[in-house]
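One file, work.cif, is given below (mmCIF, C-alpha atoms).
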```cif
data_protein
#
loop_
_atom_site.label_atom_id
_atom_site.label_comp_id
_atom_site.auth_asym_id
_atom_site.auth_seq_id
_atom_site.Cartn_x
_atom_site.Cartn_y
_atom_site.Cartn_z
CA MET H 9 75.15 140.95 122.60
CA ALA H 10 77.91 139.63 120.31
CA VAL H 11 77.64 136.21 121.96
CA LEU H 12 73.87 136.15 121.39
CA CYS H 13 74.27 137.07 117.71
CA ALA H 14 76.83 134.32 117.23
CA ALA H 15 74.49 131.76 118.81
CA VAL H 16 71.60 132.80 116.55
CA ALA H 17 73.86 132.58 113.49
CA ALA H 18 74.97 129.06 114.47
CA ILE H 19 71.37 127.88 114.87
CA ALA H 20 70.43 129.38 111.49
CA ALA H 21 73.34 127.59 109.83
CA LEU H 22 72.34 124.27 111.41
CA VAL H 23 68.75 124.63 110.19
CA ALA H 24 69.93 125.58 106.69
CA SER H 25 72.18 122.51 106.59
CA SER H 26 69.27 120.28 107.66
CA VAL H 27 67.07 121.63 104.88
CA THR H 28 69.81 121.14 102.31
CA HIS H 29 70.50 117.49 103.14
CA ALA H 30 67.02 116.29 104.02
CA SER H 31 64.30 115.17 101.69
CA ALA H 32 61.71 117.91 101.32
CA ALA H 33 58.96 115.34 101.75
CA THR H 34 60.07 114.76 105.34
CA LEU H 35 60.26 118.36 106.48
CA ASN H 36 57.57 120.00 108.58
CA VAL H 37 57.54 123.69 109.39
CA SER H 38 55.63 124.36 112.61
CA GLY H 39 53.74 127.55 113.39
CA SER H 40 56.68 128.73 115.49
CA GLY H 41 58.99 128.53 112.47
CA ILE H 42 61.04 125.64 113.91
CA VAL H 43 61.94 123.00 111.29
CA THR H 44 61.59 119.36 112.40
CA MET H 45 62.27 116.12 110.53
CA THR H 46 60.21 112.94 110.80
CA ASN H 47 60.82 109.23 110.18
CA GLN H 48 64.58 109.67 110.08
CA ALA H 49 64.93 105.98 111.01
CA CYS H 50 63.85 105.11 107.46
CA THR H 51 67.04 106.66 106.12
CA THR H 52 69.12 103.96 107.82
CA ALA H 53 67.55 101.28 105.63
CA SER H 54 69.50 99.46 102.93
CA LEU H 55 67.12 97.64 100.61
CA ALA H 56 67.49 94.82 98.10
CA ALA H 57 65.18 94.58 95.11
CA THR H 58 64.46 91.81 92.61
CA ALA H 59 61.56 90.38 90.59
CA PRO H 60 59.58 87.20 91.34
CA ALA H 61 60.79 85.73 88.03
CA ALA H 62 62.53 86.69 84.83
CA SER H 63 59.94 88.04 82.42
CA ALA H 64 59.47 90.45 79.53
CA ALA H 65 56.27 91.67 81.18
CA GLN H 66 56.86 91.58 84.95
CA THR H 67 54.53 93.60 87.18
CA THR H 68 56.07 93.22 90.65
CA VAL H 69 59.24 94.17 92.51
CA ARG H 70 60.17 92.34 95.71
CA LEU H 71 61.88 94.42 98.39
CA THR H 72 63.75 93.14 101.43
CA GLY H 73 65.15 95.15 104.31
CA VAL H 74 62.24 97.51 105.02
CA PRO H 75 62.75 98.53 108.71
CA ALA H 76 59.98 98.31 111.28
CA ALA H 77 60.02 102.11 111.64
CA CYS H 78 58.80 102.43 108.05
CA ILE H 79 55.81 100.09 108.27
CA GLY H 80 52.65 101.94 107.32
CA THR H 81 54.52 104.63 105.37
CA SER H 82 54.80 104.90 101.61
CA ILE H 83 57.42 103.14 99.47
CA ASP H 84 58.03 104.52 95.99
CA VAL H 85 60.09 102.43 93.57
CA ALA H 86 61.50 103.34 90.15
CA LEU H 87 63.41 101.00 87.83
CA ARG H 88 65.88 102.40 85.33
CA ALA H 89 67.76 101.13 82.30
CA SER H 90 71.52 101.44 81.89
CA ASN H 91 71.04 104.75 80.04
CA GLY H 92 69.02 106.16 82.94
CA ALA H 93 65.63 105.90 81.25
CA ARG H 94 62.77 105.06 83.60
CA LEU H 95 61.31 101.64 82.81
CA SER H 96 58.67 101.27 85.51
CA SER H 97 57.42 102.70 88.79
CA GLY H 98 55.12 101.71 91.63
CA THR H 99 54.04 102.52 95.18
CA LEU H 100 53.26 100.42 98.24
CA THR H 101 52.33 101.05 101.86
CA PRO H 102 53.84 98.00 103.63
CA ALA H 103 51.84 96.28 106.33
CA ALA H 104 54.65 94.06 107.61
CA GLN H 105 58.40 94.11 107.99
CA GLY H 106 60.66 92.08 105.73
CA GLN H 107 59.82 91.28 102.14
CA ASN H 108 57.26 93.45 100.39
CA ALA H 109 55.83 93.01 96.89
CA VAL H 110 55.47 96.38 95.17
CA PRO H 111 52.99 96.46 92.24
CA MET H 112 54.67 98.04 89.21
CA SER H 113 53.83 99.07 85.68
CA SER H 114 54.89 96.32 83.26
CA TYR H 115 58.65 96.02 82.64
CA ASP H 116 61.26 93.70 81.12
CA THR H 117 63.49 92.32 83.88
CA SER H 118 66.42 91.92 81.47
CA ALA H 119 66.44 95.70 80.81
CA VAL H 120 66.72 96.80 84.45
CA ALA H 121 70.09 98.20 85.56
CA THR H 122 69.31 100.13 88.76
CA VAL H 123 66.54 100.74 91.24
CA ALA H 124 65.69 103.92 93.17
CA VAL H 125 63.61 103.80 96.35
CA LEU H 126 61.94 106.47 98.50
CA LEU H 127 60.81 105.45 102.00
CA ASN H 128 58.26 107.97 103.17
CA GLY H 129 59.97 110.58 101.00
CA TRP H 130 63.56 109.71 101.98
CA TRP H 131 66.03 108.38 99.43
CA VAL H 132 67.56 105.16 100.73
CA PRO H 133 70.31 102.90 99.35
CA ALA H 134 68.85 100.10 97.22
CA SER H 135 70.43 97.40 95.04
CA TRP H 136 68.93 95.50 92.12
CA THR H 137 69.54 91.78 91.52
CA ALA H 138 68.19 90.33 88.29
CA PRO H 139 66.14 87.16 88.79
CA ALA H 140 67.68 83.94 87.54
CA PRO H 141 66.57 82.97 84.04
CA PRO H 142 64.12 80.08 83.90
CA ALA H 143 65.42 76.57 83.34
CA ALA H 144 65.44 75.40 79.75
CA TYR H 145 62.89 72.70 80.63
CA SER H 146 61.47 71.08 83.76
CA CYS H 147 58.37 69.23 84.93
CA VAL H 148 56.32 68.54 88.06
CA SER H 149 54.27 65.38 88.62
CA VAL H 150 50.59 66.08 89.33
CA ASN H 151 47.36 64.17 89.83
CA ALA H 152 44.29 64.34 87.60
CA SER H 153 43.32 67.61 89.31
CA LEU H 154 46.78 69.06 88.51
CA GLN H 155 47.87 69.07 92.16
CA PRO H 156 51.54 68.15 92.81
CA THR H 157 52.09 64.59 93.99
CA GLY H 158 55.78 64.78 94.89
CA ALA H 159 56.62 61.89 92.55
CA PRO H 160 59.71 62.15 90.32
CA CYS H 161 59.27 63.77 86.93
CA THR H 162 61.71 64.07 84.05
CA VAL H 163 61.46 65.86 80.73
CA ASN H 164 63.99 65.36 77.94
CA PRO H 165 64.40 66.94 74.53
CA THR H 166 64.15 64.46 71.68
CA GLY H 167 64.10 66.73 68.64
CA PRO H 168 64.11 67.51 65.87
CA PHE H 169 64.51 71.21 66.65
CA ASP H 170 64.08 72.76 63.26
CA SER H 171 64.39 76.50 62.67
CA TYR H 172 64.01 78.09 59.26
CA GLY H 173 63.26 81.39 57.56
CA SER H 174 64.74 84.89 57.57
CA PRO H 175 65.07 87.13 60.66
CA GLY H 176 61.65 88.57 61.42
CA SER H 177 59.79 85.66 59.85
CA ARG H 178 61.56 82.62 61.32
CA GLN H 179 59.61 79.52 62.40
CA GLY H 180 60.44 76.23 64.07
CA HIS H 181 59.31 73.32 66.22
CA GLY H 182 60.59 70.76 68.72
CA THR H 183 59.57 67.73 70.78
CA PHE H 184 60.16 66.51 74.35
CA THR H 185 59.32 63.31 76.23
CA VAL H 186 57.97 63.23 79.79
CA THR H 187 58.30 60.42 82.34
CA THR H 188 56.20 60.29 85.53
CA THR H 189 54.34 57.67 87.56
CA SER H 190 51.60 60.17 88.38
CA ALA H 191 48.44 60.71 86.38
CA ASN H 192 49.80 63.81 84.67
CA ALA H 193 52.59 66.37 84.66
CA ILE H 194 53.05 70.10 84.23
CA VAL H 195 55.91 70.88 81.85
CA SER H 196 57.66 74.26 81.76
CA LEU H 197 59.63 75.13 78.64
CA ASN H 198 61.85 78.18 78.18
CA LEU H 199 61.26 78.71 74.48
CA ASN H 200 64.31 80.96 74.10
CA ALA H 201 66.79 78.50 75.64
CA ALA H 202 68.71 75.64 74.00
CA PRO H 203 67.91 73.25 72.49
CA LEU H 204 65.27 75.60 71.05
CA PRO H 205 66.53 78.60 69.02
CA SER H 206 67.21 81.76 71.03
CA TRP H 207 65.24 84.24 68.90
CA ALA H 208 62.08 85.66 70.47
CA LYS H 209 58.86 83.72 69.93
CA GLY H 210 55.85 85.83 68.92
CA ALA H 211 53.44 82.96 68.23
CA VAL H 212 53.33 79.55 69.93
CA GLY H 213 51.15 76.48 69.54
CA THR H 214 50.94 72.72 70.13
CA ASN H 215 49.35 69.78 68.32
CA GLY H 216 46.80 69.38 71.13
CA ASP H 217 48.44 66.46 72.94
CA TRP H 218 49.75 68.91 75.55
CA ILE H 219 47.79 72.08 76.28
CA LYS H 220 48.30 75.20 78.39
CA VAL H 221 47.69 74.85 82.12
CA PRO H 222 44.70 76.68 83.61
CA GLY H 223 45.63 80.25 84.45
CA TYR H 224 48.57 80.40 82.06
CA SER H 225 49.11 83.85 80.52
CA CYS H 226 51.09 84.72 77.40
CA SER H 227 52.76 87.44 79.47
CA GLU H 228 54.84 84.56 80.92
CA LEU H 229 56.63 84.02 77.60
CA PRO H 230 59.28 82.87 76.86
CA VAL H 231 58.12 80.29 79.44
CA LEU H 232 55.33 78.00 78.25
CA ARG H 233 53.52 75.78 80.78
CA LEU H 234 51.64 72.72 79.52
CA TYR H 235 49.91 69.60 80.81
CA ALA H 236 48.91 66.40 79.02
CA ASN H 237 45.49 66.52 77.41
CA PRO H 238 43.61 63.48 78.85
CA SER H 239 41.47 63.38 75.71
CA ASN H 240 44.50 63.03 73.39
CA GLY H 241 46.46 60.15 74.85
CA GLY H 242 47.64 61.75 78.08
CA LYS H 243 51.13 61.81 79.56
CA GLY H 244 52.50 59.13 77.25
CA THR H 245 52.41 61.43 74.24
CA PRO H 246 55.43 63.60 73.33
CA VAL H 247 55.30 67.33 73.99
CA TYR H 248 55.28 69.01 70.58
CA VAL H 249 55.61 72.80 70.24
CA SER H 250 55.61 74.96 67.15
CA PHE H 251 56.58 78.61 67.16
CA ALA H 252 57.15 81.64 64.98
CA GLU H 253 59.00 84.91 65.34
CA SER H 254 56.04 86.97 64.12
CA ALA H 255 52.96 87.10 66.35
CA SER H 256 50.76 87.11 63.23
CA ALA H 257 52.30 83.94 61.77
CA ALA H 258 50.13 80.87 61.37
CA VAL H 259 50.94 78.14 63.91
CA GLY H 260 48.86 75.03 64.55
CA GLY H 261 47.01 74.77 67.86
CA ARG H 262 47.74 78.42 68.66
CA ILE H 263 48.23 79.26 72.34
CA CYS H 264 49.92 82.66 72.07
CA PRO H 265 48.75 85.15 71.13
CA ALA H 266 45.36 83.85 72.28
CA PRO H 267 43.32 82.62 69.29
#
```
File written out as structure tokens:
Amino acid sequence: MAVLCAAVAAIAALVASSVTHASAATLNVSGSGIVTMTNQACTTASLAATAPAASAAQTTVRLTGVPAACIGTSIDVALRASNGARLSSGTLTPAAQGQNAVPMSSYDTSAVATVAVLLNGWWVPASWTAPAPPAAYSCVSVNASLQPTGAPCTVNPTGPFDSYGSPGSRQGHGTFTVTTTSANAIVSLNLNAAPLPSWAKGAVGTNGDWIKVPGYSCSELPVLRLYANPSNGGKGTPVYVSFAESASAAVGGRICPAP
């Protein structure tokens, strides 16, 4: 009888330990009272998280390392700042192994310090790598339909890069030249990177020689993407941008915020 009691006590202790260390979302109590755990293979995962690009209004997290055993189960992701505050969260049910794009509430990639991930209710190790900041300026040669041609393309700052005013109401402008043998080019400018001033740009415009590419959204700021306006002289004209710290400031040829 003493042996039987000892065996029962050992089983009870094992079950209690399992409940303590397992995620409650993965526990199932059967009608017989026996506790079982499911999808334990997901707990062996070690995930890496990043964003598609650096942005003040990113809406996606890219995960790598999701094991095959977790395909078809839920992934819950939370991003946190260095002080522990939650910045964003999202959920995905992956359909394939490998990299998975989790839709998130809008967040600033520069504010993220850590990421927390639940795979089907199990906490798993996950690391956050901030995406590389965009280049200060770059360009891609395109045809008249704005399709890449593969031809060389160069963009160079020519100035002046004036900045004036007091913090909160600063304004400025700058110019760039573009060289390509193709019919046109798409130019990407990081408006917060040198040689432009580093303060945040609330309003942005051009003189109309270069205009925003189709599909461009102001949520991409500080990156501005432009192509040469065929009606205003085309690719041979300099890229001129004007900007202001305040979103309500008057800038010519306003692009952001949308006029």
Could you list the residues chosen by the PyMOL selection byres ((chain H and resi 238-243) around 10) in this structure as a PyMOL selection string? chain H and resi 152+185-194+215-219+235-237+244-247
Just say which residues the PyMOL selection byres ((chain H and resi 135) around 10) picks in this file, as a JSON list (two decimals) with C-alpha atoms, in the frame of the given file.
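Written out: result_11.json:
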```
[["chain", "number", "residue", "atom", "x", "y", "z"],
["H", 54, "SER", "CA", 69.50, 99.46, 102.93],
["H", 55, "LEU", "CA", 67.12, 97.64, 100.61],
["H", 56, "ALA", "CA", 67.49, 94.82, 98.10],
["H", 57, "ALA", "CA", 65.18, 94.58, 95.11],
["H", 58, "THR", "CA", 64.46, 91.81, 92.61],
["H", 71, "LEU", "CA", 61.88, 94.42, 98.39],
["H", 121, "ALA", "CA", 70.09, 98.20, 85.56],
["H", 122, "THR", "CA", 69.31, 100.13, 88.76],
["H", 123, "VAL", "CA", 66.54, 100.74, 91.24],
["H", 124, "ALA", "CA", 65.69, 103.92, 93.17],
["H", 125, "VAL", "CA", 63.61, 103.80, 96.35],
["H", 133, "PRO", "CA", 70.31, 102.90, 99.35],
["H", 134, "ALA", "CA", 68.85, 100.10, 97.22],
["H", 136, "TRP", "CA", 68.93, 95.50, 92.12],
["H", 137, "THR", "CA", 69.54, 91.78, 91.52]]
```
Can you tell me which residues surround Pro265 in chain H at a distance of at most 7 Å, considering all atoms listed in the file, apart from same-chain residues fewer than 3 positions away, and format the answer as a PyMOL selection string? chain H and resi 211+226+255
Translate the PyMOL selection byres ((chain H and resi 200) around 10) into a concrete residue list for this structure, as number ranges by chain. H: 142, 144, 197-199, 201-209, 229-231
Generate a file of the selected residues that holds C-alpha atoms, formatted as a PDB file, keeping the file's coordinate frame.
```pdb
ATOM      1  CA  PRO H 142      64.120  80.080  83.900  1.00  0.00           C
ATOM      2  CA  ALA H 144      65.440  75.400  79.750  1.00  0.00           C
ATOM      3  CA  LEU H 197      59.630  75.130  78.640  1.00  0.00           C
ATOM      4  CA  ASN H 198      61.850  78.180  78.180  1.00  0.00           C
ATOM      5  CA  LEU H 199      61.260  78.710  74.480  1.00  0.00           C
ATOM      6  CA  ALA H 201      66.790  78.500  75.640  1.00  0.00           C
ATOM      7  CA  ALA H 202      68.710  75.640  74.000  1.00  0.00           C
ATOM      8  CA  PRO H 203      67.910  73.250  72.490  1.00  0.00           C
ATOM      9  CA  LEU H 204      65.270  75.600  71.050  1.00  0.00           C
ATOM     10  CA  PRO H 205      66.530  78.600  69.020  1.00  0.00           C
ATOM     11  CA  SER H 206      67.210  81.760  71.030  1.00  0.00           C
ATOM     12  CA  TRP H 207      65.240  84.240  68.900  1.00  0.00           C
ATOM     13  CA  ALA H 208      62.080  85.660  70.470  1.00  0.00           C
ATOM     14  CA  LYS H 209      58.860  83.720  69.930  1.00  0.00           C
ATOM     15  CA  LEU H 229      56.630  84.020  77.600  1.00  0.00           C
ATOM     16  CA  PRO H 230      59.280  82.870  76.860  1.00  0.00           C
ATOM     17  CA  VAL H 231      58.120  80.290  79.440  1.00  0.00           C
TER      18      VAL H 231
END
```
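Pairwise distance (CA of Arg233 in chain H, CA of Val120 in chain H) equals 25.1 Å.
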Gap from CA of Ser256 in chain H to CA of Gly210 in chain H - Å, one decimal: 7.7 Å
Point (59.9, 101.7, 90.5) neighbourhood (6 Å, only C-alpha atoms) written as number ranges by chain: H: 85-87, 96-98
Provide the CA of Leu232 in chain H to CA of Arg262 in chain H distance in Å, to one decimal place. 12.2 Å
Hey, what's within 7 Å of Ser146 in chain H if we count all atoms listed in the file and toss same-chain stuff fewer than 5 positions away? As JSON, numbers by chain, please? {"H": [163, 195, 196, 197]}
Could you tell me which of H:Asn91, H:Val221, H:Leu234, H:Ser113 comes closest to Cys147 in chain H if we count only C-alpha atoms?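 So, comparing all the options, the nearest one is H:Leu234.
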